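Chemist: Structure: model01.cif, mmCIF, C-alpha atoms and all ligand atoms.
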```cif
data_target
#
loop_
_atom_site.label_atom_id
_atom_site.label_comp_id
_atom_site.auth_asym_id
_atom_site.auth_seq_id
_atom_site.Cartn_x
_atom_site.Cartn_y
_atom_site.Cartn_z
CA MET B 1 -42.52 -92.30 55.14
CA TYR B 2 -45.86 -92.54 53.45
CA GLY B 3 -48.26 -89.80 52.55
CA LEU B 4 -49.16 -87.44 49.78
CA THR B 5 -47.19 -84.29 49.36
CA MET B 6 -48.42 -80.77 48.81
CA GLY B 7 -46.07 -77.98 47.91
CA GLY B 8 -43.24 -79.81 49.61
CA THR B 9 -45.29 -80.46 52.73
CA ALA B 10 -45.91 -84.06 53.64
CA LEU B 11 -49.54 -84.74 54.24
CA THR B 12 -49.62 -87.02 57.23
CA LYS B 13 -52.01 -87.52 60.06
CA GLY B 14 -52.62 -84.09 61.42
CA ILE B 15 -54.06 -80.73 60.57
CA TYR B 16 -52.87 -78.24 58.01
CA LEU B 17 -54.00 -75.03 56.38
CA GLU B 18 -54.62 -73.96 52.84
CA HIS B 19 -55.74 -70.52 51.82
CA SER B 20 -57.87 -70.28 48.75
CA SER B 21 -58.96 -67.21 46.85
CA VAL B 22 -61.87 -69.29 45.65
CA VAL B 23 -64.79 -69.52 48.01
CA THR B 24 -65.29 -73.24 48.49
CA THR B 25 -67.99 -75.05 50.40
CA GLY B 26 -67.52 -78.55 51.76
CA GLY B 27 -66.15 -81.83 50.47
CA ALA B 28 -62.58 -82.81 49.72
CA VAL B 29 -60.39 -79.90 48.74
CA GLY B 30 -57.65 -79.46 46.20
CA ALA B 31 -55.54 -82.20 44.76
CA ASN B 32 -54.59 -83.55 48.17
CA GLU B 33 -57.77 -85.31 49.13
CA GLY B 34 -57.57 -83.89 52.59
CA GLN B 35 -60.93 -83.62 54.25
CA LEU B 36 -62.18 -80.18 55.00
CA LEU B 37 -62.37 -79.85 58.77
CA GLY B 38 -63.66 -76.33 58.45
CA SER B 39 -63.61 -73.26 56.24
CA ILE B 40 -63.71 -69.68 57.31
CA LEU B 41 -65.02 -67.34 54.66
CA PHE B 42 -63.72 -63.80 54.53
CA LEU B 43 -66.17 -61.91 52.37
CA ASN B 44 -65.93 -58.44 50.97
CA SER B 45 -69.47 -57.34 51.62
CA LYS B 46 -71.41 -55.15 53.97
CA ALA B 47 -71.01 -56.48 57.48
CA GLY B 48 -74.72 -55.87 58.09
CA GLN B 49 -75.52 -58.38 55.37
CA CYS B 50 -73.67 -61.16 57.15
CA ASP B 51 -76.81 -63.25 57.64
CA GLN B 52 -74.97 -66.56 58.26
CA PRO B 53 -72.47 -65.46 60.89
CA GLU B 54 -70.85 -68.83 61.74
CA PHE B 55 -67.53 -69.31 59.96
CA THR B 56 -68.14 -66.15 57.94
CA ILE B 57 -66.47 -62.80 58.49
CA CYS B 58 -67.79 -59.94 56.37
CA SER B 59 -66.31 -56.52 55.88
CA GLU B 60 -66.52 -53.87 53.20
CA LYS B 61 -62.88 -53.15 53.96
CA PHE B 62 -61.63 -56.53 52.68
CA ASP B 63 -60.14 -56.02 49.24
CA MET B 64 -60.89 -59.59 48.18
CA ASP B 65 -62.81 -62.70 49.19
CA TYR B 66 -60.93 -65.74 50.33
CA THR B 67 -61.43 -68.96 52.25
CA GLU B 68 -59.25 -70.29 55.01
CA ASN B 69 -59.44 -74.08 54.76
CA TRP B 70 -58.33 -76.26 57.66
CA LEU B 71 -57.80 -79.79 56.43
CA VAL B 72 -57.27 -83.16 58.06
CA ASN B 73 -56.93 -86.60 56.62
CA GLU B 74 -59.63 -88.12 58.72
CA ASN B 75 -63.37 -88.35 58.25
CA VAL B 76 -65.16 -85.26 59.44
CA THR B 77 -68.53 -84.94 61.15
CA THR B 78 -70.39 -81.80 62.11
CA GLY B 79 -72.32 -80.91 65.21
CA GLN B 80 -73.98 -78.09 67.03
CA THR B 81 -74.41 -77.05 70.62
CA ARG B 82 -76.89 -74.32 71.44
CA LEU B 83 -74.54 -71.56 70.39
CA ILE B 84 -71.60 -73.20 68.65
CA ASP B 85 -71.32 -74.82 65.24
CA TYR B 86 -68.44 -77.26 65.02
CA SER B 87 -66.94 -80.05 63.01
CA GLN B 88 -64.40 -82.65 64.01
CA GLY B 89 -62.22 -85.46 62.81
CA SER B 90 -60.69 -87.75 65.41
CA ASN B 91 -58.00 -85.37 66.69
CA PHE B 92 -59.18 -81.86 65.89
CA LEU B 93 -62.32 -79.85 66.34
CA ILE B 94 -63.04 -76.48 64.78
CA GLY B 95 -65.91 -74.36 66.04
CA SER B 96 -67.48 -70.99 65.57
CA THR B 97 -69.80 -68.78 67.56
CA SER B 98 -71.04 -65.26 66.93
CA VAL B 99 -73.10 -62.75 68.82
CA ARG B 100 -74.51 -59.38 67.83
CA TYR B 101 -73.40 -56.37 69.85
CA THR B 102 -76.11 -54.49 71.69
CA ASP B 103 -74.59 -52.74 74.70
CA ILE B 104 -71.37 -52.98 76.68
CA GLN B 105 -72.82 -54.85 79.68
CA THR B 106 -74.35 -57.48 77.43
CA PHE B 107 -71.15 -57.68 75.39
CA ASN B 108 -69.07 -58.34 78.50
CA ARG B 109 -71.44 -61.05 79.66
CA ASP B 110 -71.61 -62.57 76.16
CA VAL B 111 -67.82 -62.77 75.83
CA THR B 112 -67.47 -64.61 79.14
CA GLU B 113 -70.39 -66.91 78.38
CA ARG B 114 -69.28 -67.73 74.85
CA TYR B 115 -65.83 -68.67 76.12
CA ARG B 116 -67.49 -70.93 78.69
CA ASP B 117 -69.55 -72.42 75.88
CA ILE B 118 -66.34 -73.08 73.97
CA PHE B 119 -64.79 -74.85 76.97
CA ASP B 120 -67.96 -76.89 77.47
CA CYS B 121 -68.22 -77.74 73.77
CA ILE B 122 -64.68 -79.06 73.43
CA GLU B 123 -64.70 -80.90 76.75
CA SER B 124 -68.01 -82.60 76.01
CA GLN B 125 -66.45 -83.90 72.78
CA GLY B 126 -63.37 -85.20 74.60
CA TYR B 127 -60.89 -82.43 73.75
CA LYS B 128 -58.58 -81.33 76.53
CA THR B 129 -56.81 -78.47 74.81
CA LEU B 130 -58.06 -75.31 73.23
CA ALA B 131 -55.15 -74.68 70.87
CA ARG B 132 -56.06 -71.60 68.82
CA VAL B 133 -58.70 -68.88 68.94
CA TRP B 134 -59.56 -66.03 66.57
CA ASN B 135 -61.50 -63.09 67.98
CA PHE B 136 -63.15 -60.51 65.72
CA ILE B 137 -64.38 -57.63 67.82
CA PRO B 138 -66.88 -55.03 66.57
CA SER B 139 -65.85 -51.37 67.03
CA ILE B 140 -62.74 -52.43 68.93
CA HIS B 141 -61.51 -48.87 69.64
CA ILE B 142 -64.76 -47.40 70.99
CA LYS B 143 -64.45 -46.26 74.58
CA ASP B 144 -66.92 -47.00 77.35
CA GLY B 145 -64.58 -45.87 80.12
CA ILE B 146 -61.92 -48.29 78.90
CA ASP B 147 -61.89 -49.25 75.25
CA ARG B 148 -63.81 -52.19 73.90
CA TYR B 149 -60.72 -54.33 73.48
CA GLN B 150 -59.96 -53.84 77.17
CA HIS B 151 -63.53 -54.79 78.06
CA PHE B 152 -63.09 -57.84 75.87
CA CYS B 153 -59.82 -58.78 77.61
CA GLN B 154 -61.44 -58.47 81.00
CA ALA B 155 -64.41 -60.65 80.07
CA ARG B 156 -62.20 -63.26 78.38
CA HIS B 157 -59.85 -63.27 81.39
CA ASN B 158 -62.79 -63.93 83.71
CA ALA B 159 -63.82 -66.91 81.62
CA PHE B 160 -60.36 -68.50 81.66
CA GLU B 161 -59.79 -67.71 85.32
CA SER B 162 -63.01 -69.30 86.47
CA HIS B 163 -62.61 -72.37 84.27
CA TYR B 164 -58.98 -73.36 84.79
CA ASN B 165 -57.09 -73.94 88.03
CA ASP B 166 -53.85 -72.89 86.36
CA MET B 167 -55.04 -70.35 83.86
CA LYS B 168 -51.63 -69.40 82.45
CA ALA B 169 -50.96 -72.99 81.47
CA ALA B 170 -54.19 -73.15 79.47
CA LEU B 171 -54.02 -70.00 77.38
CA PRO B 172 -54.24 -70.73 73.65
CA ALA B 173 -52.58 -69.00 70.75
CA ALA B 174 -54.88 -66.22 69.57
CA THR B 175 -55.61 -63.35 67.30
CA ALA B 176 -57.85 -60.44 68.33
CA VAL B 177 -58.65 -57.75 65.81
CA GLY B 178 -61.40 -55.24 65.20
CA ILE B 179 -64.04 -55.81 62.58
CA GLU B 180 -66.71 -53.64 60.97
CA GLY B 181 -70.34 -54.12 61.84
CA GLU B 182 -72.05 -55.44 64.94
CA TRP B 183 -70.94 -59.05 65.16
CA LEU B 184 -68.48 -60.52 67.59
CA HIS B 185 -67.10 -63.62 65.88
CA LEU B 186 -65.05 -66.27 67.63
CA TYR B 187 -63.67 -69.33 65.93
CA PHE B 188 -61.31 -71.88 67.42
CA ILE B 189 -59.42 -75.12 67.06
CA ALA B 190 -59.17 -77.74 69.80
CA SER B 191 -56.90 -80.77 69.70
CA LYS B 192 -56.68 -84.18 71.35
CA LEU B 193 -52.99 -84.39 70.45
CA PRO B 194 -50.41 -82.99 72.87
CA VAL B 195 -50.15 -79.20 72.55
CA SER B 196 -47.43 -77.02 74.06
CA PHE B 197 -47.76 -73.28 74.44
CA CYS B 198 -44.83 -71.10 73.43
CA GLU B 199 -43.51 -67.67 74.34
CA ASN B 200 -40.58 -65.65 73.07
CA ALA B 201 -37.93 -63.81 75.03
CA ARG B 202 -38.28 -60.53 73.10
CA GLN B 203 -41.84 -60.09 74.30
CA ILE B 204 -43.31 -60.14 77.77
CA SER B 205 -46.03 -62.77 77.87
CA ALA B 206 -49.28 -61.02 77.03
CA TYR B 207 -50.88 -62.35 80.23
CA GLU B 208 -48.17 -60.48 82.15
CA TYR B 209 -48.65 -57.11 80.47
CA PRO B 210 -48.75 -54.24 82.98
CA LEU B 211 -52.03 -52.53 83.88
CA GLN B 212 -51.56 -49.64 81.46
CA TYR B 213 -53.02 -51.85 78.70
CA GLY B 214 -56.18 -52.58 80.61
CA PRO B 215 -57.41 -53.90 83.95
CA LYS B 216 -57.02 -57.54 82.86
CA SER B 217 -54.23 -58.78 80.65
CA PRO B 218 -54.85 -60.38 77.25
CA SER B 219 -55.34 -64.14 77.60
CA PHE B 220 -53.17 -65.72 74.96
CA ALA B 221 -49.90 -67.52 74.34
CA ARG B 222 -47.57 -66.53 71.49
CA ALA B 223 -48.00 -69.87 69.75
CA SER B 224 -49.34 -73.40 70.09
CA LEU B 225 -47.13 -76.30 69.15
CA ILE B 226 -49.22 -79.20 67.88
CA GLN B 227 -47.28 -82.40 68.45
CA GLN B 228 -48.37 -84.22 65.33
CA GLU B 229 -46.22 -86.37 63.04
CA THR B 230 -45.00 -83.23 61.29
CA PRO B 231 -45.14 -80.77 64.20
CA LEU B 232 -47.15 -77.67 63.46
CA LEU B 233 -46.73 -74.29 65.07
CA LEU B 234 -49.87 -72.16 65.17
CA ILE B 235 -48.51 -68.67 65.72
CA SER B 236 -50.67 -65.97 67.30
CA GLY B 237 -51.20 -62.54 65.86
CA THR B 238 -47.75 -60.97 66.22
CA ALA B 239 -47.05 -57.27 66.07
CA SER B 240 -44.38 -54.67 66.64
CA VAL B 241 -44.39 -55.17 70.39
CA VAL B 242 -41.08 -55.56 72.24
CA GLY B 243 -41.18 -56.10 75.98
CA HIS B 244 -44.72 -54.83 76.34
CA LYS B 245 -44.33 -51.63 74.31
CA SER B 246 -45.48 -50.85 70.80
CA LEU B 247 -42.47 -49.77 68.74
CA HIS B 248 -42.14 -47.69 65.54
CA ILE B 249 -45.24 -45.54 65.88
CA ASN B 250 -46.33 -44.33 62.40
CA ASP B 251 -43.65 -46.37 60.64
CA VAL B 252 -45.33 -49.30 58.96
CA ALA B 253 -42.14 -50.65 57.35
CA ALA B 254 -40.30 -50.75 60.67
CA GLN B 255 -43.34 -52.32 62.37
CA THR B 256 -43.37 -55.04 59.74
CA ARG B 257 -39.66 -55.78 60.23
CA GLU B 258 -40.02 -55.82 64.01
CA THR B 259 -42.92 -58.24 63.65
CA LEU B 260 -40.81 -60.60 61.55
CA ASP B 261 -38.05 -60.37 64.16
CA ASN B 262 -40.62 -61.42 66.76
CA LEU B 263 -41.70 -64.36 64.60
CA GLN B 264 -38.09 -65.40 64.15
CA ALA B 265 -37.46 -65.18 67.91
CA LEU B 266 -40.57 -67.21 68.64
CA ILE B 267 -39.51 -69.96 66.26
CA GLN B 268 -36.02 -70.05 67.78
CA ASP B 269 -37.25 -70.09 71.35
CA THR B 270 -39.73 -72.85 70.51
CA ASP B 271 -36.94 -74.97 69.02
CA GLN B 272 -34.83 -74.40 72.11
CA GLN B 273 -37.55 -75.22 74.55
CA TYR B 274 -39.19 -78.16 72.78
CA GLY B 275 -36.42 -79.63 70.67
CA THR B 276 -38.27 -78.96 67.42
CA GLN B 277 -36.43 -77.92 64.28
CA PHE B 278 -38.51 -75.17 62.77
CA GLY B 279 -35.24 -73.29 62.39
CA ASP B 280 -36.24 -69.95 60.92
CA LEU B 281 -38.80 -68.19 58.74
CA THR B 282 -38.34 -70.82 56.02
CA SER B 283 -40.52 -73.12 58.14
CA LEU B 284 -43.47 -70.76 57.66
CA ARG B 285 -46.18 -72.20 55.43
CA ASN B 286 -48.92 -69.57 55.64
CA VAL B 287 -49.09 -66.04 56.91
CA LYS B 288 -52.20 -63.94 57.39
CA VAL B 289 -51.37 -60.27 57.49
CA TYR B 290 -53.79 -57.91 59.20
CA ILE B 291 -53.32 -54.35 58.04
CA ARG B 292 -55.03 -51.28 59.40
CA TYR B 293 -55.01 -49.35 56.13
CA ILE B 294 -55.39 -50.81 52.65
CA GLU B 295 -53.03 -48.06 51.48
CA HIS B 296 -50.18 -49.90 53.25
CA LYS B 297 -50.72 -53.15 51.39
CA ILE B 298 -48.26 -52.57 48.56
CA LEU B 299 -45.51 -51.50 50.90
CA ILE B 300 -46.02 -54.38 53.35
CA SER B 301 -46.47 -56.89 50.58
CA GLY B 302 -43.25 -55.73 48.89
CA LEU B 303 -41.36 -56.01 52.16
CA LEU B 304 -42.65 -59.53 52.76
CA ASP B 305 -41.62 -60.47 49.21
CA LYS B 306 -38.10 -59.51 50.19
CA LEU B 307 -38.02 -60.89 53.71
CA LEU B 308 -40.02 -64.11 53.49
CA PRO B 309 -39.20 -67.17 51.38
CA GLU B 310 -41.18 -67.37 48.18
CA HIS B 311 -43.13 -70.50 49.17
CA VAL B 312 -44.86 -68.78 52.09
CA ASP B 313 -48.52 -68.40 51.28
CA ARG B 314 -49.81 -64.87 52.14
CA VAL B 315 -53.21 -63.32 52.56
CA PHE B 316 -54.12 -59.81 53.66
CA ILE B 317 -57.03 -58.76 55.83
CA VAL B 318 -57.89 -55.13 56.43
CA ALA B 319 -58.83 -54.88 60.10
CA ASP B 320 -58.21 -52.75 63.19
CA ILE B 321 -55.26 -54.04 65.17
CA CYS B 322 -56.18 -54.05 68.87
CA ARG B 323 -53.77 -51.30 69.94
CA GLU B 324 -54.51 -48.12 68.02
CA GLU B 325 -50.86 -47.39 67.22
CA LEU B 326 -50.24 -50.76 65.60
CA LEU B 327 -50.53 -50.78 61.81
CA VAL B 328 -49.80 -54.42 61.06
CA GLU B 329 -50.11 -57.80 62.75
CA ILE B 330 -49.07 -61.14 61.31
CA GLU B 331 -50.27 -64.62 62.29
CA ALA B 332 -48.68 -67.69 60.82
CA VAL B 333 -48.51 -71.44 60.55
CA ALA B 334 -45.10 -73.11 60.53
CA SER B 335 -44.35 -76.72 59.79
CA ASP B 336 -41.41 -78.70 61.18
CA GLN B 337 -40.67 -80.47 57.94
CA LEU B 338 -37.35 -81.77 59.25
CA ALA B 339 -39.02 -83.70 62.05
CA GLY B 340 -41.58 -84.97 59.57
CA ASP B 341 -38.88 -86.30 57.24
CA MET B 342 -37.12 -88.13 60.03
CA THR B 343 -40.09 -90.18 61.17
C1 LIG R 1 -49.80 -58.02 71.19
O1 LIG R 1 -48.73 -58.60 71.03
C2 LIG R 1 -50.58 -57.64 69.97
O2 LIG R 1 -55.75 -60.20 72.67
O3 LIG R 1 -55.88 -62.19 71.80
C3 LIG R 1 -52.08 -60.17 69.29
C4 LIG R 1 -52.64 -61.44 69.31
C5 LIG R 1 -52.59 -59.17 70.10
C6 LIG R 1 -53.73 -61.72 70.16
C7 LIG R 1 -55.36 -61.06 71.86
C8 LIG R 1 -53.68 -59.47 70.94
C9 LIG R 1 -54.24 -60.74 70.97
O4 LIG R 1 -50.24 -57.74 72.33
C10 LIG R 1 -52.03 -57.79 70.09
#
```
Could you spell out this file's structure in structure tokens?
Ligand code: 3EB
Modeler:
Amino acid sequence: MYGLTMGGTALTKGIYLEHSSVVTTGGAVGANEGQLLGSILFLNSKAGQCDQPEFTICSEKFDMDYTENWLVNENVTTGQTRLIDYSQGSNFLIGSTSVRYTDIQTFNRDVTERYRDIFDCIESQGYKTLARVWNFIPSIHIKDGIDRYQHFCQARHNAFESHYNDMKAALPAATAVGIEGEWLHLYFIASKLPVSFCENARQISAYEYPLQYGPKSPSFARASLIQQETPLLLISGTASVVGHKSLHINDVAAQTRETLDNLQALIQDTDQQYGTQFGDLTSLRNVKVYIRYIEHKILISGLLDKLLPEHVDRVFIVADICREELLVEIEAVASDQLAGDMT
């Protein structure tokens, strides 16, 4: 097999992720000569000062700056639709769109319209599959009748339902968390390669949650399996939810362990269903840990040091998890190195 290697990961045709504590801007990145498909900047600064909202998430709560770099080994070009900035290689497109919150009616309309814009953007560029979406929602717990997250879910649901004949089969992996300030930020990855959506048996599919969590269920899959040479699993924000219930209220250590159990189950179920060989948590390459309170960082970080293999790259983001009782949520990227080695 040909290809450069990075930290034990073969760099072959496909997409991969590197976190960097250095804020980088454009060009080839690192020693691997991958091309930067897109960078998302997480900046510790006043959210109100976020004057370039695309691909930039600002919060005073972040305890450090870092950049999330999505790399490909293809040439990358950039483009813009009216409301979306994007860049693409030949198999992947990453895009970003942001809108300032004014009032709840406008917010609901904006969410639906921006999702439609995303569908239009990727389809006009020849991408069939929306693989992964990140949603940063301003004042996520504020209540206008139902809470803002529930409004968001309803508006997002409407967008998927009106665009796809079989909505459940089209739901991407996702993260939805609350963010300071007034901006709703969405960023996303679409792929021309085959993508399979994964669920795990410990958790009811989010799109089948009962009504107690809001009038319309959250529109996401637990993970997206990108069928590239070295298969990649883009794992959604995962929390201490079993069945549909939040477990371990006020116990951040137990929530963290439960979350890892969910990740483990998801990896196992994916292997069973799709014949991949992710195996267990050792296939994880990167994790992004959303924590509600910075005060929990040392405890969670210490637990992850014990429970995750050393090679797993970790970053922490202080943000409001969408259910108020959840203290931690973990998203991840796993790589099926075994499959990669066998090709
Ligand atoms: C959960 O399991 C936790 O609404 O897009 C995680 C990831 C969660 C994505 C979303 C919500 C979303 O329900 C919350």
Chemist: Find the residues near ligand LIG 1 (chain R). Use a cut-off of 7 Å, count all atoms listed in the file, and write them as an mmCIF file with C-alpha atoms, in the coordinates of the input.
Modeler:
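Ended up saving to selection.cif:
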```
data_model
loop_
_atom_site.group_PDB
_atom_site.id
_atom_site.type_symbol
_atom_site.label_atom_id
_atom_site.label_comp_id
_atom_site.auth_asym_id
_atom_site.auth_seq_id
_atom_site.Cartn_x
_atom_site.Cartn_y
_atom_site.Cartn_z
ATOM 1 C CA ASN B 135 -61.500 -63.090 67.980
ATOM 2 C CA CYS B 153 -59.820 -58.780 77.610
ATOM 3 C CA ALA B 174 -54.880 -66.220 69.570
ATOM 4 C CA THR B 175 -55.610 -63.350 67.300
ATOM 5 C CA ALA B 176 -57.850 -60.440 68.330
ATOM 6 C CA ALA B 206 -49.280 -61.020 77.030
ATOM 7 C CA PRO B 218 -54.850 -60.380 77.250
ATOM 8 C CA SER B 219 -55.340 -64.140 77.600
ATOM 9 C CA PHE B 220 -53.170 -65.720 74.960
ATOM 10 C CA SER B 236 -50.670 -65.970 67.300
ATOM 11 C CA GLY B 237 -51.200 -62.540 65.860
ATOM 12 C CA THR B 238 -47.750 -60.970 66.220
ATOM 13 C CA ALA B 239 -47.050 -57.270 66.070
ATOM 14 C CA VAL B 241 -44.390 -55.170 70.390
ATOM 15 C CA ILE B 321 -55.260 -54.040 65.170
ATOM 16 C CA CYS B 322 -56.180 -54.050 68.870
ATOM 17 C CA ARG B 323 -53.770 -51.300 69.940
#
```
Chemist: So that each row is one residue of stretch 26-124 of chain B with an atom at most 12 Å from stretch 272-286 of chain B, can you give its shortest atom pair and the distance in Å to one decimal, using only C-alpha atoms, rows by chain and rising number, as CSV?
Modeler:
```
residue,atom,partner,partner_atom,distance
B:Glu68,CA,B:Asn286,CA,10.4
B:Asn69,CA,B:Asn286,CA,11.5
B:Trp70,CA,B:Asn286,CA,11.7
```
Chemist: Please produce a file of those selected residues containing C-alpha atoms, as an mmCIF file, in the frame of the given file.
Modeler:
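Output (again33.cif):
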```cif
data_model
loop_
_atom_site.group_PDB
_atom_site.id
_atom_site.type_symbol
_atom_site.label_atom_id
_atom_site.label_comp_id
_atom_site.auth_asym_id
_atom_site.auth_seq_id
_atom_site.Cartn_x
_atom_site.Cartn_y
_atom_site.Cartn_z
ATOM 1 C CA GLU B 68 -59.250 -70.290 55.010
ATOM 2 C CA ASN B 69 -59.440 -74.080 54.760
ATOM 3 C CA TRP B 70 -58.330 -76.260 57.660
#
```
Chemist: Find the spatial neighbours of B:Leu307, counting only C-alpha atoms, within a cut-off of 10 Å - ignore same-chain residues fewer than 2 positions away - and output them as a compact mmCIF listing (two decimals) with C-alpha atoms, in the frame of the given file.
Modeler:
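In the end it all went to result_5.txt:
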```
# COMPACT_ATOMS: atom_id res chain seq x y z
CA THR B 256 -43.37 -55.04 59.74
CA ARG B 257 -39.66 -55.78 60.23
CA LEU B 260 -40.81 -60.60 61.55
CA LEU B 281 -38.80 -68.19 58.74
CA SER B 301 -46.47 -56.89 50.58
CA GLY B 302 -43.25 -55.73 48.89
CA LEU B 303 -41.36 -56.01 52.16
CA LEU B 304 -42.65 -59.53 52.76
CA ASP B 305 -41.62 -60.47 49.21
CA PRO B 309 -39.20 -67.17 51.38
CA GLU B 310 -41.18 -67.37 48.18
```
Chemist: As an exercise, work out the distance from atom CA of B:Leu83 to atom CA of B:Ile57 in Å and give it to one decimal place.
Modeler: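 Going from atom CA of B:Leu83 over to atom CA of B:Ile57 covers 16.8 Å.
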Chemist: Rank nothing, just name the residue among B:Leu93, B:Arg114, B:Ile15, B:His185 nearest to B:Leu225, using only C-alpha atoms.
Modeler: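 For B:Leu225, the nearest of the given residues is B:Ile15.
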Chemist: Go through B:Asp336, B:Asp251, B:Asp269, B:Glu258 one by one, measure the shortest atom-to-atom distance of each to B:Leu232 using only C-alpha atoms, and give the residue with the smallest value.
Modeler: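 Among the listed residues, the smallest separation from B:Leu232 belongs to B:Asp336.
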Chemist: Select, from B:Ile298, B:Ile84, B:Ile140, B:Ala155, the residue with the minimum atom-to-atom distance to B:Val111, counting all atoms listed in the file.
Modeler: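 Checking each of B:Ile298, B:Ile84, B:Ile140, B:Ala155 against B:Val111, counting all atoms listed in the file, the winner is B:Ala155.
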Chemist: Once you count all atoms listed in the file, which residues end up no further than 12 Å from (-50.7, -68.1, 53.2) in the file's frame, shown as a ChimeraX atom specification?
Modeler: /B:16-21,66-69,284-289,304,308-317,330-334
Chemist: From the options B:Pro194, B:Gly243, B:Gly178, B:Pro215, which residue's atoms come nearest to B:Lys61, counting all atoms listed in the file?
Modeler: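 For B:Lys61, the nearest of the given residues is B:Gly178.
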Chemist: Skip B:Thr56 itself and residues of its chain fewer than 6 positions away, then list as a PDB file with C-alpha atoms, in the coordinates of the input all residues within 12 Å of it, counting all atoms listed in the file.
Modeler:
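part01.pdb was written with the following content:
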```pdb
ATOM      1  CA  VAL B  23     -64.790 -69.520  48.010  1.00  0.00           C
ATOM      2  CA  THR B  25     -67.990 -75.050  50.400  1.00  0.00           C
ATOM      3  CA  GLY B  38     -63.660 -76.330  58.450  1.00  0.00           C
ATOM      4  CA  SER B  39     -63.610 -73.260  56.240  1.00  0.00           C
ATOM      5  CA  ILE B  40     -63.710 -69.680  57.310  1.00  0.00           C
ATOM      6  CA  LEU B  41     -65.020 -67.340  54.660  1.00  0.00           C
ATOM      7  CA  PHE B  42     -63.720 -63.800  54.530  1.00  0.00           C
ATOM      8  CA  LEU B  43     -66.170 -61.910  52.370  1.00  0.00           C
ATOM      9  CA  ASN B  44     -65.930 -58.440  50.970  1.00  0.00           C
ATOM     10  CA  SER B  45     -69.470 -57.340  51.620  1.00  0.00           C
ATOM     11  CA  ALA B  47     -71.010 -56.480  57.480  1.00  0.00           C
ATOM     12  CA  GLN B  49     -75.520 -58.380  55.370  1.00  0.00           C
ATOM     13  CA  CYS B  50     -73.670 -61.160  57.150  1.00  0.00           C
ATOM     14  CA  ASP B  65     -62.810 -62.700  49.190  1.00  0.00           C
ATOM     15  CA  TYR B  66     -60.930 -65.740  50.330  1.00  0.00           C
ATOM     16  CA  THR B  67     -61.430 -68.960  52.250  1.00  0.00           C
ATOM     17  CA  GLU B  68     -59.250 -70.290  55.010  1.00  0.00           C
ATOM     18  CA  ASP B  85     -71.320 -74.820  65.240  1.00  0.00           C
ATOM     19  CA  GLY B  95     -65.910 -74.360  66.040  1.00  0.00           C
ATOM     20  CA  SER B  96     -67.480 -70.990  65.570  1.00  0.00           C
ATOM     21  CA  THR B  97     -69.800 -68.780  67.560  1.00  0.00           C
ATOM     22  CA  SER B  98     -71.040 -65.260  66.930  1.00  0.00           C
ATOM     23  CA  PHE B 136     -63.150 -60.510  65.720  1.00  0.00           C
ATOM     24  CA  TRP B 183     -70.940 -59.050  65.160  1.00  0.00           C
ATOM     25  CA  LEU B 184     -68.480 -60.520  67.590  1.00  0.00           C
ATOM     26  CA  HIS B 185     -67.100 -63.620  65.880  1.00  0.00           C
ATOM     27  CA  LEU B 186     -65.050 -66.270  67.630  1.00  0.00           C
ATOM     28  CA  TYR B 187     -63.670 -69.330  65.930  1.00  0.00           C
TER      29      TYR B 187
END
```
Chemist: Anything within 8 Å of (-55.4, -83.0, 59.3): list those residues as a list in words, counting only C-alpha atoms and sticking to the file's coordinates.
Modeler: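 Collected hits near the coordinates: Leu11, Thr12, Lys13, Gly14, Ile15, Tyr16, Gly34, Gln35, Leu37, Trp70, Leu71, Val72, Asn73, Glu74 and Phe92 of chain B.
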Chemist: Report, in Å to a single decimal, how far apart atom CA of B:Gln80 and atom CA of B:Phe197 are.
Modeler: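 Computing the Euclidean distance for atom CA of B:Phe197 and atom CA of B:Gln80 yields 27.7 Å.
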Chemist: How many Å lie between atom CA of B:Ser240 and atom CA of B:Ser139, rounded to one decimal?
Modeler: 21.7 Å
Chemist: Between B:Gln255, B:Ser59, B:Thr270, B:Ser217, single out the one closest to B:Cys198, counting only C-alpha atoms.
Modeler: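 The shortest atom-to-atom distance to B:Cys198 comes from B:Thr270.
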Chemist: Name the closest residue to B:Leu234 among the candidates B:Leu327, B:Leu36, B:Ala254, B:Ala221; distances are taken between atoms, counting all atoms listed in the file.
Modeler: B:Ala221
